[in-house]
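Colleague: Please find query_16.cif (mmCIF, C-alpha atoms) on the next line:
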data_coords
loop_
_atom_site.label_atom_id
_atom_site.label_comp_id
_atom_site.auth_asym_id
_atom_site.auth_seq_id
_atom_site.Cartn_x
_atom_site.Cartn_y
_atom_site.Cartn_z
CA MET A 1 -220.53 36.90 35.90
CA THR A 2 -222.26 33.56 36.28
CA ASP A 3 -220.89 31.86 33.16
CA PRO A 4 -217.11 32.07 32.71
CA TRP A 5 -217.42 31.01 29.05
CA VAL A 6 -219.43 34.15 28.21
CA ALA A 7 -217.28 37.22 27.50
CA LEU A 8 -219.72 39.90 28.69
CA THR A 9 -222.85 40.32 30.71
CA ALA A 10 -225.79 42.26 29.30
CA ASP A 11 -224.91 45.39 31.31
CA THR A 12 -221.14 45.47 30.62
CA ASP A 13 -219.74 48.81 29.47
CA LEU A 14 -218.16 47.81 26.13
CA VAL A 15 -215.80 50.77 25.88
CA GLU A 16 -214.47 50.34 29.41
CA ARG A 17 -214.09 46.60 29.02
CA LEU A 18 -212.28 46.98 25.70
CA GLY A 19 -209.77 49.39 27.23
CA GLU A 20 -209.08 47.04 30.14
CA LEU A 21 -208.53 44.09 27.82
CA ARG A 22 -206.21 45.96 25.50
CA HIS A 23 -204.07 46.95 28.47
CA ALA A 24 -204.06 43.39 29.84
CA HIS A 25 -203.13 41.99 26.41
CA GLU A 26 -200.24 44.44 26.11
CA VAL A 27 -198.97 43.53 29.58
CA PHE A 28 -199.14 39.81 28.83
CA THR A 29 -197.50 39.96 25.42
CA THR A 30 -194.68 42.22 26.61
CA ALA A 31 -194.13 41.07 30.20
CA GLY A 32 -195.82 37.66 30.31
CA ARG A 33 -197.97 38.74 33.24
CA LEU A 34 -201.72 38.19 33.46
CA GLU A 35 -203.81 40.98 34.92
CA LEU A 36 -207.46 41.34 35.82
CA PRO A 37 -210.04 41.41 34.34
CA VAL A 38 -208.90 38.62 32.00
CA ARG A 39 -211.18 35.60 32.30
CA SER A 40 -209.49 32.34 33.31
CA VAL A 41 -210.44 30.61 30.05
CA VAL A 42 -208.81 33.45 28.10
CA GLY A 43 -205.74 33.63 30.32
CA GLU A 44 -205.13 29.89 29.97
CA SER A 45 -205.56 30.18 26.22
CA TRP A 46 -203.10 33.08 26.06
CA ARG A 47 -200.58 30.93 27.91
CA ARG A 48 -201.08 28.05 25.46
CA SER A 49 -200.70 30.47 22.56
CA ALA A 50 -197.46 31.83 24.01
CA ARG A 51 -196.10 28.31 24.57
CA ALA A 52 -196.89 27.55 20.91
CA ARG A 53 -194.76 30.60 19.97
CA VAL A 54 -197.68 32.37 18.29
CA SER A 55 -196.78 35.96 17.43
CA PRO A 56 -199.43 38.50 18.54
CA ASP A 57 -198.85 40.30 15.25
CA GLY A 58 -199.04 37.13 13.16
CA ALA A 59 -201.81 35.76 10.99
CA ALA A 60 -203.60 32.50 10.32
CA GLN A 61 -202.21 30.49 7.42
CA VAL A 62 -204.15 28.99 4.51
CA GLU A 63 -203.36 25.27 4.50
CA LEU A 64 -205.95 23.75 2.19
CA GLY A 65 -205.81 25.09 -1.34
CA ALA A 66 -208.76 24.99 -3.71
CA ASP A 67 -207.68 21.62 -5.12
CA GLU A 68 -207.60 20.03 -1.65
CA LEU A 69 -210.45 21.86 0.07
CA GLY A 70 -213.36 20.62 -2.03
CA PRO A 71 -212.65 16.88 -1.85
CA TYR A 72 -211.65 17.08 1.82
CA ARG A 73 -214.76 18.83 3.05
CA ASP A 74 -217.08 16.84 0.76
CA GLY A 75 -215.87 13.70 2.51
CA HIS A 76 -215.84 15.22 5.99
CA PRO A 77 -218.51 13.96 8.46
CA LEU A 78 -219.65 17.54 9.12
CA ALA A 79 -220.75 17.94 5.48
CA ARG A 80 -223.91 16.03 6.44
CA ALA A 81 -224.69 18.60 9.13
CA MET A 82 -224.28 21.68 6.93
CA PRO A 83 -227.92 21.81 5.71
CA VAL A 84 -229.26 22.16 9.26
CA ILE A 85 -226.47 24.59 10.24
CA ARG A 86 -227.30 26.78 7.23
CA GLU A 87 -231.01 26.58 7.96
CA LEU A 88 -230.49 27.85 11.50
CA MET A 89 -227.68 30.34 10.95
CA SER A 90 -227.66 31.73 7.40
CA ALA A 91 -230.37 34.36 7.81
CA TYR A 92 -229.03 35.37 11.23
CA ALA A 93 -225.52 35.78 9.82
CA THR A 94 -226.56 37.66 6.70
CA ASP A 95 -229.08 39.99 8.37
CA GLY A 96 -226.72 40.76 11.26
CA GLU A 97 -223.68 41.24 8.97
CA HIS A 98 -222.01 38.25 10.62
CA LEU A 99 -220.29 35.12 9.34
CA LEU A 100 -221.03 31.50 10.08
CA ALA A 101 -218.02 29.21 9.94
CA VAL A 102 -217.44 25.51 10.46
CA CYS A 103 -213.97 24.08 11.03
CA ASP A 104 -212.55 20.59 11.37
CA ALA A 105 -210.89 19.18 14.50
CA HIS A 106 -207.58 20.79 13.47
CA GLY A 107 -209.14 24.24 13.32
CA ARG A 108 -209.14 24.45 9.51
CA LEU A 109 -212.09 26.46 8.22
CA LEU A 110 -214.11 24.30 5.83
CA TRP A 111 -217.07 26.62 5.32
CA VAL A 112 -217.23 30.41 5.78
CA GLU A 113 -220.54 31.94 4.73
CA GLY A 114 -222.63 35.01 5.46
CA HIS A 115 -222.66 38.75 4.74
CA GLU A 116 -220.54 39.54 1.66
CA THR A 117 -218.98 42.75 2.98
CA THR A 118 -218.10 41.05 6.24
CA ARG A 119 -216.54 38.15 4.32
CA ARG A 120 -214.29 40.55 2.42
CA ARG A 121 -213.21 42.24 5.65
CA ALA A 122 -212.56 38.90 7.31
CA GLY A 123 -210.57 37.76 4.30
CA ARG A 124 -207.97 40.44 5.05
CA MET A 125 -207.06 38.53 8.22
CA ASN A 126 -207.25 35.12 6.45
CA PHE A 127 -210.57 34.15 8.03
CA VAL A 128 -211.27 32.19 4.85
CA GLU A 129 -212.02 28.63 3.82
CA GLY A 130 -208.90 26.49 4.03
CA ALA A 131 -207.18 28.63 6.69
CA ARG A 132 -206.12 27.14 9.98
CA TRP A 133 -207.44 28.80 13.15
CA SER A 134 -206.25 26.37 15.80
CA GLU A 135 -204.74 27.95 18.92
CA SER A 136 -201.29 26.63 18.01
CA VAL A 137 -201.33 28.78 14.85
CA ALA A 138 -203.81 31.63 15.39
CA GLY A 139 -203.81 31.97 19.18
CA THR A 140 -206.96 32.57 21.21
CA ASN A 141 -210.10 32.62 19.05
CA ALA A 142 -213.52 31.07 19.47
CA PRO A 143 -213.32 28.07 17.08
CA GLY A 144 -209.71 27.26 17.97
CA THR A 145 -210.26 27.60 21.71
CA ALA A 146 -213.57 25.69 21.63
CA ILE A 147 -211.72 22.75 20.10
CA ALA A 148 -208.79 23.06 22.52
CA VAL A 149 -210.99 22.97 25.64
CA ASP A 150 -213.94 21.02 24.15
CA ARG A 151 -216.39 23.63 25.45
CA PRO A 152 -218.52 26.38 23.87
CA VAL A 153 -216.77 29.73 24.32
CA GLN A 154 -217.19 33.38 23.41
CA VAL A 155 -214.16 35.58 22.64
CA PHE A 156 -214.51 39.35 22.64
CA ALA A 157 -212.27 41.89 20.90
CA ALA A 158 -208.87 42.15 22.65
CA GLU A 159 -209.34 38.71 24.22
CA HIS A 160 -208.11 37.45 20.82
CA PHE A 161 -204.38 36.75 20.96
CA LEU A 162 -203.68 38.12 17.47
CA ARG A 163 -203.92 41.89 17.33
CA PRO A 164 -205.33 41.96 13.76
CA VAL A 165 -208.32 39.94 15.03
CA GLN A 166 -209.15 42.23 17.95
CA GLN A 167 -211.80 44.14 15.99
CA TRP A 168 -213.97 41.02 16.01
CA THR A 169 -216.13 39.07 18.44
CA CYS A 170 -216.92 35.40 17.96
CA ALA A 171 -218.68 32.51 19.66
CA ALA A 172 -218.15 28.83 18.88
CA ALA A 173 -219.17 25.39 20.10
CA PRO A 174 -217.49 22.04 19.42
CA LEU A 175 -219.23 19.44 17.28
CA HIS A 176 -218.97 15.76 18.22
CA ASP A 177 -219.43 12.42 16.53
CA PRO A 178 -222.67 11.20 18.17
CA ARG A 179 -221.44 7.61 18.09
CA THR A 180 -217.93 7.95 19.50
CA GLY A 181 -217.99 11.37 21.16
CA ARG A 182 -214.87 12.40 19.22
CA VAL A 183 -214.55 16.10 18.40
CA LEU A 184 -215.18 16.59 14.68
CA GLY A 185 -214.77 20.37 14.61
CA ALA A 186 -216.64 23.47 15.70
CA VAL A 187 -219.39 25.80 14.54
CA ASP A 188 -218.71 29.52 14.89
CA ILE A 189 -220.46 32.87 14.53
CA THR A 190 -218.11 35.81 13.91
CA GLY A 191 -218.84 39.53 13.59
CA GLY A 192 -218.55 42.85 15.35
CA ASP A 193 -219.64 44.16 18.72
CA GLY A 194 -223.22 43.15 17.98
CA LEU A 195 -222.23 39.61 18.99
CA ALA A 196 -220.89 40.79 22.35
CA HIS A 197 -223.90 39.41 24.20
CA PRO A 198 -224.57 36.18 26.13
CA HIS A 199 -227.26 35.27 23.61
CA SER A 200 -224.72 34.67 20.83
CA LEU A 201 -223.06 31.86 22.79
CA ALA A 202 -226.42 30.32 23.68
CA PHE A 203 -227.39 30.48 20.01
CA VAL A 204 -224.28 28.72 18.74
CA GLN A 205 -224.64 26.04 21.43
CA ALA A 206 -228.18 25.36 20.24
CA VAL A 207 -226.96 25.09 16.64
CA ALA A 208 -224.26 22.62 17.69
CA ARG A 209 -226.82 20.43 19.49
CA ALA A 210 -229.08 20.48 16.44
CA ALA A 211 -226.18 19.55 14.15
CA GLU A 212 -225.16 16.65 16.38
CA SER A 213 -228.76 15.44 16.47
CA GLN A 214 -228.82 15.54 12.68
CA LEU A 215 -225.62 13.51 12.50
CA ALA A 216 -227.12 10.96 14.88
CA LEU A 217 -230.24 10.65 12.70
CA LEU A 218 -228.18 10.20 9.54
CA ALA A 219 -225.66 7.79 11.03
CA PRO A 220 -226.29 4.25 9.83
CA SER A 221 -227.16 1.83 12.57
CA PRO A 222 -224.22 -0.49 13.12
CA ALA A 223 -224.87 -3.98 11.86
CA PRO A 224 -225.37 -6.46 14.68
CA GLU A 225 -222.19 -8.27 13.72
CA SER A 226 -220.02 -5.16 13.38
CA VAL A 227 -217.05 -4.80 15.70
CA GLN A 228 -215.16 -1.53 16.40
CA LEU A 229 -211.89 -1.58 18.30
CA SER A 230 -210.31 1.65 19.61
CA ALA A 231 -206.79 1.28 21.00
CA LEU A 232 -204.90 4.45 19.99
CA GLY A 233 -203.88 6.76 22.79
CA ARG A 234 -205.21 4.49 25.55
CA ASP A 235 -203.81 1.64 27.64
CA GLU A 236 -207.17 -0.10 27.87
CA ALA A 237 -208.89 -0.62 24.52
CA LEU A 238 -212.60 -0.05 23.93
CA LEU A 239 -214.60 -2.65 22.02
CA VAL A 240 -218.02 -1.88 20.57
CA ALA A 241 -219.96 -4.91 19.35
CA GLY A 242 -223.62 -5.75 19.10
CA GLY A 243 -224.63 -2.53 20.82
CA ARG A 244 -222.31 -3.21 23.78
CA LYS A 245 -219.35 -1.07 24.83
CA ILE A 246 -216.68 -3.07 26.62
CA ARG A 247 -213.61 -1.54 28.25
CA LEU A 248 -210.89 -4.17 28.21
CA SER A 249 -208.05 -4.89 30.59
CA ARG A 250 -204.54 -4.27 29.30
CA ARG A 251 -203.87 -7.96 28.62
CA HIS A 252 -207.23 -8.45 26.91
CA SER A 253 -206.51 -5.30 24.88
CA GLU A 254 -203.22 -6.78 23.71
CA ILE A 255 -204.92 -10.04 22.72
CA LEU A 256 -207.63 -8.34 20.66
CA VAL A 257 -205.23 -5.91 18.96
CA THR A 258 -203.09 -8.88 17.95
CA LEU A 259 -206.06 -10.89 16.69
CA ALA A 260 -207.38 -7.87 14.78
CA ARG A 261 -204.09 -7.89 12.85
CA HIS A 262 -204.54 -11.59 12.08
CA PRO A 263 -208.10 -12.10 10.81
CA GLU A 264 -207.17 -15.61 9.71
CA GLY A 265 -206.61 -16.49 13.37
CA LEU A 266 -203.70 -17.63 15.53
CA GLY A 267 -203.07 -20.83 17.38
CA GLY A 268 -202.29 -20.82 21.07
CA ASP A 269 -198.53 -21.24 20.57
CA GLU A 270 -198.43 -18.46 17.96
CA LEU A 271 -200.41 -16.12 20.19
CA LEU A 272 -198.11 -16.87 23.11
CA ILE A 273 -195.08 -15.71 21.08
CA GLU A 274 -196.88 -12.55 19.95
CA LEU A 275 -197.90 -11.54 23.46
CA TYR A 276 -195.16 -12.47 25.90
CA GLU A 277 -191.49 -11.51 26.01
CA ASP A 278 -191.00 -13.76 29.02
CA GLU A 279 -190.48 -17.30 27.75
CA SER A 280 -191.35 -18.67 31.19
CA VAL A 281 -195.03 -17.79 30.65
CA THR A 282 -196.85 -21.06 30.02
CA PRO A 283 -199.64 -21.90 27.57
CA VAL A 284 -201.85 -22.55 30.61
CA THR A 285 -201.57 -18.87 31.59
CA LEU A 286 -202.63 -17.74 28.13
CA ARG A 287 -205.52 -20.22 27.96
CA ALA A 288 -206.81 -18.88 31.27
CA GLU A 289 -206.73 -15.30 29.89
CA LEU A 290 -208.51 -16.39 26.74
CA SER A 291 -211.18 -18.21 28.72
CA ARG A 292 -211.87 -15.07 30.73
CA LEU A 293 -211.95 -13.01 27.55
CA ARG A 294 -214.40 -15.39 25.83
CA ARG A 295 -216.71 -15.27 28.84
CA LEU A 296 -216.59 -11.47 28.67
CA LEU A 297 -217.22 -11.20 24.93
CA GLY A 298 -219.22 -14.35 24.32
CA PRO A 299 -218.21 -17.37 22.22
CA GLU A 300 -220.21 -15.98 19.28
CA LEU A 301 -217.70 -13.10 18.95
CA LEU A 302 -214.37 -14.75 19.80
CA LEU A 303 -213.84 -18.13 18.19
CA SER A 304 -211.20 -20.72 19.01
CA ARG A 305 -209.09 -23.26 17.12
CA PRO A 306 -207.60 -20.97 15.91
CA TYR A 307 -208.40 -17.92 18.02
CA ARG A 308 -210.02 -15.26 15.84
CA PHE A 309 -212.82 -12.73 15.61
CA ALA A 310 -216.08 -14.07 14.23
CA ALA A 311 -216.73 -10.81 12.33
CA PRO A 312 -214.63 -8.20 10.55
CA VAL A 313 -213.04 -5.67 12.90
CA ASP A 314 -212.93 -1.93 12.25
CA ALA A 315 -209.86 -0.87 14.25
CA ASP A 316 -208.73 2.74 14.63
CA PHE A 317 -205.08 1.83 14.03
CA ASP A 318 -206.03 0.13 10.75
CA THR A 319 -207.89 3.28 9.72
CA VAL A 320 -204.71 5.34 10.19
CA ALA A 321 -202.65 2.80 8.24
CA ARG A 322 -205.15 2.71 5.35
CA ARG A 323 -205.21 6.50 5.08
CA LEU A 324 -201.43 6.69 5.10
CA ALA A 325 -201.26 4.05 2.38
CA SER A 326 -203.56 6.14 0.20
CA GLY A 327 -201.51 9.31 0.79
CA ALA A 328 -204.19 11.02 2.91
CA VAL A 329 -201.76 12.32 5.54
CA ALA A 330 -204.07 14.95 7.07
CA ALA A 331 -206.89 12.43 7.37
CA ALA A 332 -204.52 9.88 8.91
CA LEU A 333 -203.38 12.39 11.53
CA SER A 334 -206.98 13.35 12.34
CA ALA A 335 -207.71 9.68 13.11
CA TYR A 336 -204.56 9.26 15.22
CA ALA A 337 -205.45 9.67 18.91
CA GLY A 338 -201.99 8.74 20.20
CA PRO A 339 -199.64 5.74 20.35
CA LEU A 340 -201.17 2.28 20.24
CA LEU A 341 -201.61 0.89 23.79
CA PRO A 342 -198.66 3.06 24.92
CA GLY A 343 -197.93 1.08 28.09
CA SER A 344 -197.89 -2.33 26.40
CA GLN A 345 -194.67 -4.30 26.01
CA ALA A 346 -196.28 -7.20 24.14
CA PRO A 347 -193.97 -7.86 21.16
CA SER A 348 -196.73 -7.75 18.53
CA VAL A 349 -198.20 -4.54 19.94
CA ALA A 350 -194.82 -2.85 20.33
CA ARG A 351 -193.90 -3.68 16.71
CA LEU A 352 -197.17 -2.34 15.38
CA ARG A 353 -196.94 0.79 17.54
CA ARG A 354 -193.43 1.58 16.27
CA ARG A 355 -194.36 0.87 12.66
CA LEU A 356 -197.45 3.07 12.72
CA ASP A 357 -195.70 5.94 14.52
CA ASP A 358 -192.69 5.78 12.21
CA GLN A 359 -194.85 5.75 9.07
CA LEU A 360 -196.97 8.67 10.25
CA ARG A 361 -193.96 10.73 11.37
CA ALA A 362 -192.15 10.07 8.09
CA SER A 363 -195.23 11.09 6.10
CA LEU A 364 -195.60 14.31 8.11
CA ILE A 365 -191.96 15.23 7.63
CA ALA A 366 -192.11 14.46 3.91
CA ARG A 367 -195.31 16.51 3.53
CA GLY A 368 -193.69 19.51 5.24
CA ASP A 369 -197.02 21.07 6.22
CA PRO A 370 -196.32 23.36 9.21
CA GLY A 371 -199.83 22.96 10.62
CA LEU A 372 -199.71 19.16 10.58
CA LEU A 373 -196.17 19.14 11.96
CA ALA A 374 -197.28 21.49 14.76
CA ASP A 375 -200.13 19.14 15.65
CA TRP A 376 -197.60 16.37 16.22
CA ALA A 377 -194.91 18.51 17.85
CA TYR A 378 -197.26 20.05 20.43
CA SER A 379 -198.93 16.74 21.28
CA PRO A 380 -197.89 14.77 24.39
CA TRP A 381 -196.22 12.13 22.20
CA GLY A 382 -194.43 14.65 19.98
CA GLU A 383 -193.10 17.22 22.42
CA GLU A 384 -189.63 15.60 22.45
CA ASP A 385 -189.58 14.41 18.83
CA LEU A 386 -186.46 16.13 17.53
CA PRO A 387 -186.83 15.31 13.78
CA VAL A 388 -190.38 16.69 13.76
CA TRP A 389 -189.33 19.88 15.57
CA GLN A 390 -186.50 20.32 13.06
CA ALA A 391 -188.92 19.81 10.17
CA LEU A 392 -191.39 22.24 11.74
CA ALA A 393 -188.67 24.87 12.15
CA ALA A 394 -187.75 24.48 8.47
CA ALA A 395 -191.37 24.69 7.26
CA ALA A 396 -192.71 27.45 9.53
CA PRO A 397 -193.06 31.10 8.51
CA PRO A 398 -189.85 33.11 9.07
CA GLY A 399 -191.18 34.92 12.14
CA GLN A 400 -191.74 31.66 14.01
CA ARG A 401 -188.46 29.98 13.11
CA PRO A 402 -186.12 31.39 15.81
CA ALA A 403 -188.24 30.01 18.67
CA LEU A 404 -188.71 26.66 16.91
CA LEU A 405 -185.00 26.34 16.17
CA ALA A 406 -184.26 27.12 19.80
CA ARG A 407 -186.57 24.30 20.88
CA ALA A 408 -184.92 21.92 18.38
CA ARG A 409 -181.45 22.82 19.70
CA GLU A 410 -182.64 22.31 23.27
CA LEU A 411 -183.94 18.82 22.42
CA ASP A 412 -180.76 17.97 20.53
CA ALA A 413 -178.65 18.88 23.55
CA GLU A 414 -180.89 16.86 25.90
CA GLN A 415 -180.76 13.77 23.69
CA ARG A 416 -177.02 13.66 23.11
#
Represent the structure from my file as structure tokens, please.

Modeller:
Amino acid sequence: MTDPWVALTADTDLVERLGELRHAHEVFTTAGRLELPVRSVVGESWRRSARARVSPDGAAQVELGADELGPYRDGHPLARAMPVIRELMSAYATDGEHLLAVCDAHGRLLWVEGHETTRRRAGRMNFVEGARWSESVAGTNAPGTAIAVDRPVQVFAAEHFLRPVQQWTCAAAPLHDPRTGRVLGAVDITGGDGLAHPHSLAFVQAVARAAESQLALLAPSPAPESVQLSALGRDEALLVAGGRKIRLSRRHSEILVTLARHPEGLGGDELLIELYEDESVTPVTLRAELSRLRRLLGPELLLSRPYRFAAPVDADFDTVARRLASGAVAAALSAYAGPLLPGSQAPSVARLRRRLDDQLRASLIARGDPGLLADWAYSPWGEEDLPVWQALAAAAPPGQRPALLARARELDAEQR
């Protein structure tokens, strides 16, 4: 096999392969041992599914009800790509008795369309609009795994982690924001053994490229004076201004994050207090940093007396805060890429980081949505967050609670 992301070659014996995979799945789910001929991408996904305490006999959960689904997907960036996705896939799905599906970056199905009989069959396993098919909830499956690994992938029959899904074959490819490269979701084709062919993965990859091209065409050109600042989940912020992308040093990142929070500007003495814990740091040191930063950005972008941006700044941490303030918890979490400049000890940055994390965590716990709580708990920054694990254990379906409670007790003992 030349492409590890393709489930089968054109000359694979389907019956033989299916028997081998069913045996391997049984061995893994009962003994935790991987056996050939499981592909590496599938084996790694099975391990992630097991770590997330997904039950092989479980089911995907519907998270977005009818009242939430419509407004959420209407405002989702992928809504603009749906016309071209439908144009390319609808006839193929309907004629082949398949389904086309598009999910968001959390694996929630926003659109499920295609052959009516196939839709009814798929509905019995909750492959429906509003259901969550991320690996952490539904185990190995094409849309969830494509998002997890950020690669197009095909999943055949018993390669699915959930046994009720093993009658299906699917192929999916991630969809990206053409401006930032961020994963927006995935496009998927789901059906029976007729999709068990390398061509189905090639097809869905081509659809994903066409959809991303459409998004790029429809994206408004940034105004020359626009400034975007990305500082979540990274120690070195990224500034996009005037068509330039500038990766900043840690100290310059701290300066710009602080100034973004003070559009009115800060004097040198005020900025010194915001940035340095060490009172021995002199104003001369800060002025030298600011001089280097102004040479890097240009005096037309960073003004002085007081120090401030010359144009409004669209910062990712402000986006999260605005969404939380409006009660859009799921949207806030989707924009949260991790703690703000996690390695920074600058007082202003540390305060903002704590405030944002605390507000988001409190909102997630109050919302009590098991899918959103799982996103936080299984992230690098949430894996030791005891209150979130406790909330997840309380909100999860009964079959998942024992393992989640065990993890919460383990964390409680470690943190005493």

Colleague: In Å to one decimal, how far is CA of Arg119 in chain A from CA of Val102 in chain A?

Modeller: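 Atom-to-atom, CA of Val102 in chain A to CA of Arg119 in chain A, that is 14.1 Å.
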
Colleague: Could you give me, as a Markdown table, every range 153-258 of chain A residue with an atom at most 9 Å from range 42-57 of chain A, plus its closest atom pair and distance in Å to one decimal, counting only C-alpha atoms, rows ordered by chain then number?

Modeller:
| residue | atom | partner | partner_atom | distance |
| --- | --- | --- | --- | --- |
| A:Val155 | CA | A:Val42 | CA | 7.9 |
| A:Glu159 | CA | A:Val42 | CA | 6.6 |
| A:His160 | CA | A:Val42 | CA | 8.3 |
| A:Phe161 | CA | A:Pro56 | CA | 5.8 |
| A:Leu162 | CA | A:Pro56 | CA | 4.4 |
| A:Arg163 | CA | A:Asp57 | CA | 5.7 |
| A:Pro164 | CA | A:Asp57 | CA | 6.9 |

Colleague: Can you tell me how far CA of Ala395 in chain A sits from CA of Ala138 in chain A, in Å to one decimal?

Modeller: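 Distance between the two atoms: 16.4 Å.
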
Colleague: What lies within 6 Å of range 400-415 of chain A using all atoms listed in the file, ignoring chain neighbours under 3 positions off, as JSON, numbers by chain?

Modeller: {"A": [389, 390, 393, 397]}

Colleague: Please produce a file of the residues just selected, as a PDB file, in the frame of the given file, where the atoms kept are C-alpha atoms.

Modeller:
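Produced file again16.pdb, reproduced below:
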ATOM      1  CA  TRP A 389    -189.330  19.880  15.570  1.00  0.00           C
ATOM      2  CA  GLN A 390    -186.500  20.320  13.060  1.00  0.00           C
ATOM      3  CA  ALA A 393    -188.670  24.870  12.150  1.00  0.00           C
ATOM      4  CA  PRO A 397    -193.060  31.100   8.510  1.00  0.00           C
TER       5      PRO A 397
END

Colleague: Determine the residue set returned by the PyMOL selection byres ((chain A and resi 339) around 8) for the present structure, and present it as a list in words.

Modeller: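 What the PyMOL selection byres ((chain A and resi 339) around 8) grabs from the file is Leu232, Gly233, Arg234, Tyr336, Ala337, Gly338, Leu340, Leu341, Pro342, Arg353, Asp357 and Trp381 of chain A.
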
Colleague: Write the residues of the selection above to a file with C-alpha atoms, as a short mmCIF file (atom, residue, chain, number, x, y, z; two decimals), keeping the file's coordinate frame.

Modeller:
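Saved the output as again.cif:
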data_model
loop_
_atom_site.label_atom_id
_atom_site.label_comp_id
_atom_site.auth_asym_id
_atom_site.auth_seq_id
_atom_site.Cartn_x
_atom_site.Cartn_y
_atom_site.Cartn_z
CA LEU A 232 -204.90 4.45 19.99
CA GLY A 233 -203.88 6.76 22.79
CA ARG A 234 -205.21 4.49 25.55
CA TYR A 336 -204.56 9.26 15.22
CA ALA A 337 -205.45 9.67 18.91
CA GLY A 338 -201.99 8.74 20.20
CA LEU A 340 -201.17 2.28 20.24
CA LEU A 341 -201.61 0.89 23.79
CA PRO A 342 -198.66 3.06 24.92
CA ARG A 353 -196.94 0.79 17.54
CA ASP A 357 -195.70 5.94 14.52
CA TRP A 381 -196.22 12.13 22.20
#

Colleague: From the list A:Asp269, A:Glu274, A:Asp369, A:Glu212, which residue is nearest Arg287 in chain A when using only C-alpha atoms?

Modeller: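 Ranked by minimum distance to Arg287 in chain A, first place goes to A:Asp269.
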
Colleague: Could you list the residues chosen by the PyMOL selection byres ((chain A and resi 203) around 10) in this structure as an NGL selection string?

Modeller: :A and (88-89 or 171-173 or 189 or 198-202 or 204-208)

Colleague: Could you tell me how far CA of Tyr307 in chain A lies from CA of Tyr276 in chain A, in Å and to one decimal?

Modeller: 16.3 Å

Colleague: Which residue is closest to Pro370 in chain A? Choose from A:Ala311, A:Ala394, A:Leu302, A:Leu238 and count all atoms listed in the file.

Modeller: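 Ranking A:Ala311, A:Ala394, A:Leu302, A:Leu238 by distance to Pro370 in chain A, first place goes to A:Ala394.
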
Colleague: Under the rule that all atoms listed in the file are counted, which of A:His25, A:Leu256, A:Ser334, A:Ser40 is the nearest residue to Arg108 in chain A?

Modeller: A:Ser334

Colleague: Excluding Leu271 in chain A and its own-chain neighbours fewer than 6 positions away, which residues fall within 10 Å of it when counting all atoms listed in the file? Please give them as a PyMOL selection string.

Modeller: chain A and resi 255+258-259+265+283+286+306-307+348

Colleague: Go ahead and save the picked residues with C-alpha atoms, as a PDB file, in the coordinates of the input.

Modeller:
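Writing done, so here's out.pdb:
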ATOM      1  CA  ILE A 255    -204.920 -10.040  22.720  1.00  0.00           C
ATOM      2  CA  THR A 258    -203.090  -8.880  17.950  1.00  0.00           C
ATOM      3  CA  LEU A 259    -206.060 -10.890  16.690  1.00  0.00           C
ATOM      4  CA  GLY A 265    -206.610 -16.490  13.370  1.00  0.00           C
ATOM      5  CA  PRO A 283    -199.640 -21.900  27.570  1.00  0.00           C
ATOM      6  CA  LEU A 286    -202.630 -17.740  28.130  1.00  0.00           C
ATOM      7  CA  PRO A 306    -207.600 -20.970  15.910  1.00  0.00           C
ATOM      8  CA  TYR A 307    -208.400 -17.920  18.020  1.00  0.00           C
ATOM      9  CA  SER A 348    -196.730  -7.750  18.530  1.00  0.00           C
TER      10      SER A 348
END

Colleague: Excluding same-chain residues fewer than 2 positions from Ala335 in chain A, what lies within 8 Å of it counting all atoms listed in the file, as a JSON list (two decimals) with C-alpha atoms, in the frame of the given file?

Modeller:
[["chain", "number", "residue", "atom", "x", "y", "z"],
["A", 316, "ASP", "CA", -208.73, 2.74, 14.63],
["A", 319, "THR", "CA", -207.89, 3.28, 9.72],
["A", 320, "VAL", "CA", -204.71, 5.34, 10.19],
["A", 331, "ALA", "CA", -206.89, 12.43, 7.37],
["A", 332, "ALA", "CA", -204.52, 9.88, 8.91],
["A", 333, "LEU", "CA", -203.38, 12.39, 11.53],
["A", 337, "ALA", "CA", -205.45, 9.67, 18.91]]

Colleague: Please evaluate the PyMOL selection byres ((chain A and resi 301) around 9) against the structure above and give the resulting residues as a JSON list (two decimals) with C-alpha atoms, in the coordinates of the input.

Modeller:
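expr-v3.json written:
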[["chain", "number", "residue", "atom", "x", "y", "z"],
["A", 225, "GLU", "CA", -222.19, -8.27, 13.72],
["A", 227, "VAL", "CA", -217.05, -4.80, 15.70],
["A", 241, "ALA", "CA", -219.96, -4.91, 19.35],
["A", 294, "ARG", "CA", -214.40, -15.39, 25.83],
["A", 297, "LEU", "CA", -217.22, -11.20, 24.93],
["A", 298, "GLY", "CA", -219.22, -14.35, 24.32],
["A", 299, "PRO", "CA", -218.21, -17.37, 22.22],
["A", 300, "GLU", "CA", -220.21, -15.98, 19.28],
["A", 302, "LEU", "CA", -214.37, -14.75, 19.80],
["A", 303, "LEU", "CA", -213.84, -18.13, 18.19],
["A", 308, "ARG", "CA", -210.02, -15.26, 15.84],
["A", 309, "PHE", "CA", -212.82, -12.73, 15.61],
["A", 310, "ALA", "CA", -216.08, -14.07, 14.23],
["A", 311, "ALA", "CA", -216.73, -10.81, 12.33]]

Colleague: Give me, as a PyMOL selection string, all polymer residues having an atom no more than 9 Å from Leu18 in chain A, counting only C-alpha atoms and skipping those fewer than 2 positions away in the same chain.

Modeller: chain A and resi 13-16+20-23+156-159

Colleague: Have a look at A:Ala377, A:Leu34, A:Ala315, A:Ala7 and name the one nearest to Ala237 in chain A; count all atoms listed in the file.

Modeller: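 Answer, going by the shortest atom-to-atom distance: A:Ala315.
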